[in-house]
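Enquirer: The structure that follows is given in the form of structure tokens.
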Protein chains: 4
Amino acid sequence: MPGNIFGKIFQLVTFGESHGPAIGGVIEGCPAGIALDLDFIQRELDRRKPGNIPGATARKETDEVRFLSGIFEGKTTGTPIAFLVGNKEPRPGDYEPLRERYRPGHADHTYDAKYGIRDHRGGGRASGRETAARVVGGALAKLFLGKEGIEITAYTSRIGPIEINGRCIDVDQEALAGSRTGCPDREKDMEMAGLLRQMEEEGDSVGGTVDCIIRGMPAGIGDPVFQKLSSVLALAVMSIGGARGVEFGSGFEAAGMKGSVHTDGLMNTGGHIVSEQNLAGGIAGGISTGEDICFRVAFKPPSSLTGMRGAISKEGIKSPAGGGRFDACIVPRVLPVVESMAALVIADHLLLNRSAKLHHE
Amino acid sequence: MPGNIFGKIFQLVTFGESHGPAIGGVIEGCPAGIALDLDFIQRELDRRKPGNIPGATARKETDEVRFLSGIFEGKTTGTPIAFLVGNKEPRPGDYEPLRERYRPGHADHTYDAKYGIRDHRGGGRASGRETAARVVGGALAKLFLGKEGIEITAYTSRIGPIEINGRCIDVDQEALAGSRTGCPDREKDMEMAGLLRQMEEEGDSVGGTVDCIIRGMPAGIGDPVFQKLSSVLALAVMSIGGARGVEFGSGFEAAGMKGSVHTDGLMNTGGHIVSEQNLAGGIAGGISTGEDICFRVAFKPPSSLTGMRGAISKEGIKSPAGGGRFDACIVPRVLPVVESMAALVIADHLLLNRSAKLHHE
Amino acid sequence: MPGNIFGKIFQLVTFGESHGPAIGGVIEGCPAGIALDLDFIQRELDRRKPGNIPGATARKETDEVRFLSGIFEGKTTGTPIAFLVGNKEPRPGDYEPLRERYRPGHADHTYDAKYGIRDHRGGGRASGRETAARVVGGALAKLFLGKEGIEITAYTSRIGPIEINGRCIDVDQEALAGSRTGCPDREKDMEMAGLLRQMEEEGDSVGGTVDCIIRGMPAGIGDPVFQKLSSVLALAVMSIGGARGVEFGSGFEAAGMKGSVHTDGLMNTGGHIVSEQNLAGGIAGGISTGEDICFRVAFKPPSSLTGMRGAISKEGIKSPAGGGRFDACIVPRVLPVVESMAALVIADHLLLNRSAKLHHE
Amino acid sequence: MPGNIFGKIFQLVTFGESHGPAIGGVIEGCPAGIALDLDFIQRELDRRKPGNIPGATARKETDEVRFLSGIFEGKTTGTPIAFLVGNKEPRPGDYEPLRERYRPGHADHTYDAKYGIRDHRGGGRASGRETAARVVGGALAKLFLGKEGIEITAYTSRIGPIEINGRCIDVDQEALAGSRTGCPDREKDMEMAGLLRQMEEEGDSVGGTVDCIIRGMPAGIGDPVFQKLSSVLALAVMSIGGARGVEFGSGFEAAGMKGSVHTDGLMNTGGHIVSEQNLAGGIAGGISTGEDICFRVAFKPPSSLTGMRGAISKEGIKSPAGGGRFDACIVPRVLPVVESMAALVIADHLLLNRSAKLHHE
């Protein structure tokens with residue numbers, strides 16, 4: 001319960017610090033009988049590796065995953081699936097200057113405030129490296145969702161001043177395959193890549209937004225009141241480091257609109273009830289409408305070299321820090337993490353939903 | 001677990017339908033020894049009553065709360081606190097036309113998809129009336145928080161096109177006392193009130209935003225990774241009907257900024273570590289920094305008369321609905337609900353945090 | 001989480017003190033579409049009323065249940081089912097002497113130690129009266145289980161020195177209908193009734209055991225490792241006031257046996273795998289075998305008049321208490337409570353089990 | 001939630017199969033600042049190793065534990081503590097005959113019924129080997145409890161026909177140090193050791209009971225109603241493979257007693273309220289009295305060679321199995337497992353209890 005366990009039935013526990021021997025996780029409650037597609041899982045992990053993403057951190061890890069349990073002859077057995085992702089390039093020494101220093105835009109001082117002790121090396125538990133374990137958990141969830149005909153795609157909708165038009169664009173992984181930044185608009189993708197290289201050169205960074213679309217959702221999934229599907233998705237993506245906001249469907253724009261304009265009449269298309277514009281982002285009263293679920297997440301710029309000047313010592317004295325390694329923008333690398341969090345939520349609620357009616361069909 | 005229970009230690013369970021005999025709730029895990037200030041609780045409930053809020057629904061309820069358990073000689077005992085808020089003006093007959101009809105912007109069809117059965121009267125369980133129970137739970141949480149020196153204020157920052165400048169404005173309940181719409185800017189407040197009356201006349205409605213500020217937070221509260229304080233607050237407020245987005249600190253604006261601009265150096269002010277601008281909204285790595293926590297929630301316009309034209313029958317045939325009763329804007333009435341959800345989250349995490357260290361001070 | 005919520009999906013929250021205005025509960029996660037058989041629910045409540053049970057407490061309550069939510073046109077809707085059972089005969093004044101006194105065999109001093117405050121009237125929250133809410137929750141669970149072909153019967157297997165032979169006796173409610181004490185052996189039943197009347201006359205009390213049998217269980221229900229079906233059933237029944245022990249199948253007797261004797265070969269009977277003797281009580285590795293689940297619970301004698309002599313004041317001075325009202329034996333009245341706890345566990349796990357496999361049949 | 005996670009705040013997740021690469025676990029919610037005493041942890045693990053316990057399984061494992069996270073410079077940091085215990089001597093080939101066979105007294109057929117798939121090697125997830133991870137978790141809990149002055153000791157009170165007199169005997173680890181079977185009575189210990197060797201020679205096995213005593217408990221720990229300390233302890237120890245029953249204080253004996261005999265007057269000893277006989281086993285109304293907590297667990301005899309004759313094939317045909325490796329009696333090796341489960345429960349509730357009152361002292 002203290003923060004490192006996610007989900008109710010399909011659960012992910014993660015562990016590990018940036019510069020410990022390994023990070024990893026345990027997937028609990030994954031249904032039995034799912035074929036473990038190792039190539040797919042590794043490809044998912046590779047998507048968040050710095051690799052050839054422009055402006056990404058210099059830290060190089062192979063991010064190979066090793067499964068320790070819960071798999072028998074290539075299939076999930078319903079028992080806990082433990083996995084490790086080794087830390088191949090920890091350079092703890094680099095971080096010695098950070099032992100007694102608090103960096104702005106980081107969780108250094110809040111961890112100390114909460115726990116009274118902290119692994120300062122590379123951000124310790126608060127490092128973005130932890131998201132590798134989320135991606136493994138998300139990949140398992142996706143394998144389950146694939147069987148149910150559900151597909152999740154996150155794409156880059158904004159990097160700094162460059163943004164694309166529209167929301168809920170109908171793209172899939174294939175359409176994004178050749179992109180540099182995960183943006184479906186080829187021209188903007190090029191611009192964004194250029195901006196990221198420029199930021200890298202300048203030792204600067206930039207924020208952005210991620211759009212996420214969940215296709216193939218059946219109607220009737222999700223819980224009402226406190227555990228609305230939108231609420232749980234919001235929790236899930238706001239738990240990613242650097243997330244600053246989330247909106248569903250018409251989002252913040254709806255705040256400025258009149259009800260007579262923000263209308264969304266229902267229709268019957270082939271036995272499915274859908275709305276004209278899907279302004280609700282595929283969720284009504286916390287429960288899926290059967291339309292695409294669609295949301296956007298805002299990420300702040302990573303703390304840049306300039307920002308590090310605002311560090312202080314534990315004693316509260318200005319004490320500018322060097323940068324460690326950081327990304328010029330988190331957005332391109334965070335796409336599989338956003339998808340993974342969404343996949344974990346949807347997998348969990350598909351299973352939870354099996355208990356809603358007297359007879360589950 | 002299926003949606004009607006909130007929190008981990010300080011928990012709120014709510015129940016009841018819009019047109020049943022009563023709504024109510026059970027507060028579990030409230031620490032023993034808190035004096036039950038009934039006047040305060042009733043005032044909180046009154047804040048969400050339509051009362052003299054311009055453009056509010058015609059439904060009139062006294063919203064008197066009755067406690068059934070967990071209180072002994074005026075103090076909480078640590079056992080479950082059950083309470084009822086009677087439904088004095090249910091007019092179920094009014095809703096008969098809605099029995100076989102699905103309204104746009106409502107959860108009618110999603111409840112049917114999930115459960116196969118639905119109390120159609122006044123939205124049943126999905127009615128905004130359910131939030132009265134949240135306000136009672138939140139009031140108890142506030143009584144606890146008051147003892148810890150924590151104060152929560154939500155105010156109206158936008159109604160339709162009218163918005164105020166700035167975020168995290170330093171207001172408290174007293175400053176808002178004379179306002180019509182809960183907006184701290186007196187001029188804008190008047191404008192907003194005018195807009196709401198106009199909407200009421202036109203049978204139209206409008207969206208808006210709520211800002212919420214939590215003062216007196218100690219540093220070190222909240223959990224890391226999946227249960228970040230920002231994540232749980234996001235879940236909490238996104239569970240309010242009509243919420244479409246939430247952002248913390250610099251929010252969506254951060255997505256367009258460079259890291260060299262979005263800097264927030266740390267300082268030592270009187271032994272407390274604070275940042276120059278509090279761009280993070282008082283939370284770093286999921287844990288409170290000790291600064292004010294600050295977030296904004298966007299609400300869509302309530303479904304208006306125009307919107308109701310888009311209703312369909314269960315069979316999928318266009319079947320315009322009359323309006324029932326609705327608010328011209330949800331924002332003024334939702335302020336205590338936003339505060340209540342925030343109060344429940346903070347109370348829960350204050351208690352959870354007592355387990356973070358070997359010795360709790 | 002602090003103790004008054006039971007279950008994971010099919011959940012029961014109870015509230016209320018012995019001498020408050022009402023006790024009650026909320027059933028969360030009950031599948032939609034179950035017909036609410038009010039007569040059945042009332043009959044279940046009547047089974048735990050003192051009524052014509054020999055030696056039962058003099059307190060007379062009608063124990064009429066009133067449902068407030070979650071039911072629409074006679075069926076469950078999947079939303080929380082709140083209910084009240086009024087306290088018609090609270091005599092708080094009777095208990096004034098107990099305000100500053102701790103009774104042996106009661107939770108008076110432990111509640112004070114935990115919470116620092118306590119409703120002393122009739123045991124407050126720790127009163128056996130709380131079990132009425134469990135019986136309502138259990139009745140709902142039974143209505144669900146009935147649809148799945150599962151039937152639960154608890155019977156009296158021992159009262160003081162009088163015990164019946166065998167375990168897992170094949171009885172149902174019908175067979176117990178005419179009994180005085182819930183014992184299926186007519187002769188022993190008469191003896192037990194006589195003993196209870198004698199105890200009543202002597203102001204004494206007596207312990208006993210309850211056997212519980214769950215018939216119609218499918219194989220494969222329950223969770224492994226920490227949440228074994230036997231573990232959760234043990235928790236469930238050990239939460240009933242006065243319970244001192246629980247055993248499954250061969251139970252404590254197995255501790256004295258050799259493996260070569262305690263054998264239980266498997267057989268195939270009509271496609272079902274069963275064991276020769278069901279020594280495991282229908283559960284292997286935490287998961288149901290498909291055989292009858294069978295367990296026994298031991299209850300201590302209620303604190304008698306003699307026992308009350310051992311009361312002390314808060315200051316620790318011997319201060320004999322009068323008795324209040326008590327049962328000569330808890331066993332006959334506790335039968336529906338044991339069944340209810342078992343029903344809640346099985347209902348919960350039937351629903352949980354729908355998530356074990358990729359495709360739920 | 002599906003069974004492999006234990007606890008609410010101080011949580012243990014375990015994973016791993018008998019013949020996979022490793023078993024292990026994650027400890028979540030352990031307070032920060034506890035010194036990791038690796039020697040102590042290893043000694044605890046050694047206590048459950050077959051080693052020189054008479055009649056123990058022939059499987060030899062070094063059971064060395066390796067920590068992967070959550071520790072910094074020798075202290076817990078409040079983040080998840082992951083650990084591995086390698087499987088050094090898996091002999092999966094040995095178990096090939098069990099692939100298509102169900103053994104009596106094992107969970108082979110129930111895992112297949114629940115999951116439709118099963119790792120048959122050495123019992124897979126249902127193997128007793130899983131308890132090594134419990135012992136590591138329990139050792140961490142004990143390190144925390146040690147700081148709070150709480151000590152837990154389990155000892156052998158019965159092996160087959162040989163049992164010792166009394167309950168709640170005042171022994172500690174030191175007193176048990178020289179024993180062969182963990183029995184504090186030296187003479188009985190010798191007898192028991194002899195019996196175990198005889199069983200080993202005969203290919204037979206025997207059941208037994210474990211007594212567990214928790215000393216140094218403060219009063220006021222534990223939750224009421226459904227999550228009584230006795231209930232949660234019952235769940236905890238009944239989750240150990242082979243457990244068939246549990247009883248607290250006067251236990252099953254109380255069922256045969258009169259209230260006038262089963263009396264337990266309260267006394268004031270040095271400011272502490274205690275009872276004359278501690279018949280309740282240190283818990284009243286689910287909350288600790290401050291006296292020693294005392295309970296007994298019954299274990300069935302392990303399935304012996306004779307028992308294995310009752311195996312059947314998946315098709316339901318009698319198909320006697322060879323034995324694999326098994327213990328002549330589980331009791332001596334299970335002592336640290338019983339203690340570990342108790343330690344996890346008490347650690348969890350000490351932390352939970354910090355939220356009971358307005359101000360935690």
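FYI, nothing fancy with the structure tokens labels: chains A, B, ... in order, residues from 1 per chain, ligands from 1 as they appear.
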Near chain A, meaning an atom within 8 Å, which residues of chain D appear when counting only C-alpha atoms? Write them as a PyMOL selection string.
Expert: chain D and resi 1-2+4+8-9+11+14-17+20-23+26+28-29+31-33+68-70+72+77-82+115-119+125
Enquirer: Can you write just those residues out, C-alpha atoms, as a PDB file, in the first residue's frame?
Expert:
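What landed in again39.pdb:
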ATOM      1  CA  MET D   1      -4.854  -9.242  -4.355  1.00  0.00           C
ATOM      2  CA  PRO D   2      -4.905 -12.728  -5.887  1.00  0.00           C
ATOM      3  CA  ASN D   4       0.630 -13.607  -3.128  1.00  0.00           C
ATOM      4  CA  LYS D   8      -1.677  -3.775   4.563  1.00  0.00           C
ATOM      5  CA  ILE D   9       1.207  -1.431   5.312  1.00  0.00           C
ATOM      6  CA  GLN D  11       3.603  -5.941   3.065  1.00  0.00           C
ATOM      7  CA  THR D  14       6.477 -13.570  -2.653  1.00  0.00           C
ATOM      8  CA  PHE D  15       7.157 -15.236  -5.971  1.00  0.00           C
ATOM      9  CA  GLY D  16       8.860 -18.272  -7.369  1.00  0.00           C
ATOM     10  CA  GLU D  17       8.383 -21.948  -7.999  1.00  0.00           C
ATOM     11  CA  GLY D  20      12.517 -22.219 -11.166  1.00  0.00           C
ATOM     12  CA  PRO D  21      15.718 -20.180 -11.116  1.00  0.00           C
ATOM     13  CA  ALA D  22      14.914 -18.521  -7.809  1.00  0.00           C
ATOM     14  CA  ILE D  23      12.285 -17.767  -5.278  1.00  0.00           C
ATOM     15  CA  VAL D  26       9.493  -7.827  -2.151  1.00  0.00           C
ATOM     16  CA  GLU D  28       6.962  -3.032   0.818  1.00  0.00           C
ATOM     17  CA  GLY D  29       6.226  -0.546   3.573  1.00  0.00           C
ATOM     18  CA  PRO D  31       9.844   1.708   7.876  1.00  0.00           C
ATOM     19  CA  ALA D  32      13.034   3.522   6.935  1.00  0.00           C
ATOM     20  CA  GLY D  33      16.076   3.467   9.179  1.00  0.00           C
ATOM     21  CA  LEU D  68      18.483  -6.100  -4.647  1.00  0.00           C
ATOM     22  CA  SER D  69      16.936  -2.855  -3.470  1.00  0.00           C
ATOM     23  CA  GLY D  70      15.585  -0.775  -0.639  1.00  0.00           C
ATOM     24  CA  PHE D  72      21.309   2.014   1.422  1.00  0.00           C
ATOM     25  CA  THR D  77      15.228   3.384   3.098  1.00  0.00           C
ATOM     26  CA  GLY D  78      11.459   2.961   3.095  1.00  0.00           C
ATOM     27  CA  THR D  79      11.464   1.840  -0.556  1.00  0.00           C
ATOM     28  CA  PRO D  80      10.693  -1.743  -1.614  1.00  0.00           C
ATOM     29  CA  ILE D  81      13.209  -4.346  -0.450  1.00  0.00           C
ATOM     30  CA  ALA D  82      13.532  -7.025  -3.125  1.00  0.00           C
ATOM     31  CA  TYR D 115      -5.652 -22.010 -13.657  1.00  0.00           C
ATOM     32  CA  GLY D 116      -5.901 -24.714 -16.320  1.00  0.00           C
ATOM     33  CA  ILE D 117      -2.096 -24.898 -16.320  1.00  0.00           C
ATOM     34  CA  ARG D 118       0.488 -25.818 -13.675  1.00  0.00           C
ATOM     35  CA  ASP D 119       4.199 -26.104 -13.109  1.00  0.00           C
ATOM     36  CA  ARG D 125       4.271 -22.585  -6.560  1.00  0.00           C
TER      37      ARG D 125
END
Enquirer: Which residues are near Val206 in chain C? Cut-off 7 Å, only C-alpha atoms, ignore same chain within fewer than 3 positions. Put them as a PDB file with all heavy atoms, in the first residue's frame.
Expert:
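Output file selection02.pdb is given in full below:
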ATOM      1  N   ILE C 159     -22.156 -28.634  22.890  1.00  0.00           N
ATOM      2  CA  ILE C 159     -22.444 -27.591  23.879  1.00  0.00           C
ATOM      3  C   ILE C 159     -21.931 -28.127  25.214  1.00  0.00           C
ATOM      4  O   ILE C 159     -22.414 -29.146  25.714  1.00  0.00           O
ATOM      5  CB  ILE C 159     -23.942 -27.243  23.947  1.00  0.00           C
ATOM      6  CG1 ILE C 159     -24.345 -26.470  22.685  1.00  0.00           C
ATOM      7  CG2 ILE C 159     -24.240 -26.403  25.189  1.00  0.00           C
ATOM      8  CD1 ILE C 159     -25.769 -25.962  22.660  1.00  0.00           C
ATOM      9  N   GLY C 160     -20.919 -27.474  25.728  1.00  0.00           N
ATOM     10  CA  GLY C 160     -20.306 -27.950  26.969  1.00  0.00           C
ATOM     11  C   GLY C 160     -19.868 -29.384  26.825  1.00  0.00           C
ATOM     12  O   GLY C 160     -19.178 -29.744  25.866  1.00  0.00           O
ATOM     13  N   PRO C 301     -17.374 -20.056  26.630  1.00  0.00           N
ATOM     14  CA  PRO C 301     -18.632 -19.690  27.300  1.00  0.00           C
ATOM     15  C   PRO C 301     -18.716 -18.169  27.475  1.00  0.00           C
ATOM     16  O   PRO C 301     -17.697 -17.524  27.732  1.00  0.00           O
ATOM     17  CB  PRO C 301     -18.521 -20.394  28.663  1.00  0.00           C
ATOM     18  CG  PRO C 301     -17.090 -20.744  28.838  1.00  0.00           C
ATOM     19  CD  PRO C 301     -16.464 -20.821  27.484  1.00  0.00           C
ATOM     20  N   PRO C 302     -19.904 -17.587  27.303  1.00  0.00           N
ATOM     21  CA  PRO C 302     -20.057 -16.154  27.576  1.00  0.00           C
ATOM     22  C   PRO C 302     -19.689 -15.854  29.028  1.00  0.00           C
ATOM     23  O   PRO C 302     -19.828 -16.721  29.894  1.00  0.00           O
ATOM     24  CB  PRO C 302     -21.554 -15.896  27.336  1.00  0.00           C
ATOM     25  CG  PRO C 302     -22.011 -16.995  26.446  1.00  0.00           C
ATOM     26  CD  PRO C 302     -21.177 -18.187  26.829  1.00  0.00           C
ATOM     27  N   ALA C 328     -26.775 -17.905  27.680  1.00  0.00           N
ATOM     28  CA  ALA C 328     -26.184 -19.040  28.388  1.00  0.00           C
ATOM     29  C   ALA C 328     -25.153 -19.736  27.496  1.00  0.00           C
ATOM     30  O   ALA C 328     -24.191 -20.326  27.965  1.00  0.00           O
ATOM     31  CB  ALA C 328     -27.263 -20.026  28.814  1.00  0.00           C
ATOM     32  N   CYS C 329     -25.372 -19.654  26.207  1.00  0.00           N
ATOM     33  CA  CYS C 329     -24.406 -20.204  25.243  1.00  0.00           C
ATOM     34  C   CYS C 329     -24.578 -19.460  23.937  1.00  0.00           C
ATOM     35  O   CYS C 329     -25.702 -19.218  23.487  1.00  0.00           O
ATOM     36  CB  CYS C 329     -24.632 -21.701  25.034  1.00  0.00           C
ATOM     37  SG  CYS C 329     -23.420 -22.434  23.931  1.00  0.00           S
TER      38      CYS C 329
ATOM     39  N   MET D 257     -16.231 -25.998  28.491  1.00  0.00           N
ATOM     40  CA  MET D 257     -16.211 -25.428  29.840  1.00  0.00           C
ATOM     41  C   MET D 257     -17.432 -24.563  30.165  1.00  0.00           C
ATOM     42  O   MET D 257     -18.090 -24.046  29.277  1.00  0.00           O
ATOM     43  CB  MET D 257     -14.942 -24.587  30.014  1.00  0.00           C
ATOM     44  CG  MET D 257     -13.674 -25.424  30.003  1.00  0.00           C
ATOM     45  SD  MET D 257     -12.188 -24.401  29.849  1.00  0.00           S
ATOM     46  CE  MET D 257     -12.006 -23.862  31.562  1.00  0.00           C
ATOM     47  N   LYS D 258     -17.687 -24.460  31.463  1.00  0.00           N
ATOM     48  CA  LYS D 258     -18.720 -23.555  31.965  1.00  0.00           C
ATOM     49  C   LYS D 258     -18.130 -22.161  32.171  1.00  0.00           C
ATOM     50  O   LYS D 258     -16.944 -22.034  32.523  1.00  0.00           O
ATOM     51  CB  LYS D 258     -19.235 -24.043  33.318  1.00  0.00           C
ATOM     52  CG  LYS D 258     -20.197 -25.198  33.237  1.00  0.00           C
ATOM     53  CD  LYS D 258     -20.785 -25.434  34.635  1.00  0.00           C
ATOM     54  CE  LYS D 258     -21.705 -26.638  34.641  1.00  0.00           C
ATOM     55  NZ  LYS D 258     -22.222 -26.895  35.989  1.00  0.00           N
ATOM     56  N   GLY D 259     -18.960 -21.173  32.049  1.00  0.00           N
ATOM     57  CA  GLY D 259     -18.519 -19.808  32.269  1.00  0.00           C
ATOM     58  C   GLY D 259     -18.040 -19.557  33.692  1.00  0.00           C
ATOM     59  O   GLY D 259     -17.155 -18.734  33.934  1.00  0.00           O
TER      60      GLY D 259
END
Enquirer: Ranking A:Pro184, A:Arg244, A:Glu64, A:Ser260 by minimum distance to Glu202 in chain B and counting only C-alpha atoms, which one comes first?
Expert: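 Of A:Pro184, A:Arg244, A:Glu64, A:Ser260, the one nearest Glu202 in chain B is A:Ser260, counting only C-alpha atoms.
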Enquirer: Leaving out Glu151 in chain D and any residue of its chain fewer than 4 positions from it, which residues lie within 7 Å of it when counting only C-alpha atoms, given as a ChimeraX atom specification?
Expert: /D:145-146,214-216
Enquirer: Write out as a list of chain:residue names which residues come within 9 Å of Glu200 in chain B when counting only C-alpha atoms, dropping same-chain ones fewer than 2 positions away.
Expert: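 So the residues in contact are B:Pro54, B:Gly55, B:Ala56, B:Leu195, B:Leu196, B:Arg197, B:Gln198, B:Glu202, B:Gly203, B:Asp204, B:Ser205, B:Asp327, B:Ala328.
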Enquirer: Any chance you could list, as a ChimeraX atom specification, the residues in range 266-313 of chain B that come up strand (DSSP E) when DSSP is run on the backbone?
Expert: /B:266-269,272-275,283-284,287-288,293-299,312-313
Enquirer: Of the candidates D:Gln277, D:Phe326, D:Arg59, D:Leu45, which shows the shortest atom-to-atom distance to Gly307 in chain D, using only C-alpha atoms?
Expert: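 Under the stated criterion, the closest residue is D:Phe326.
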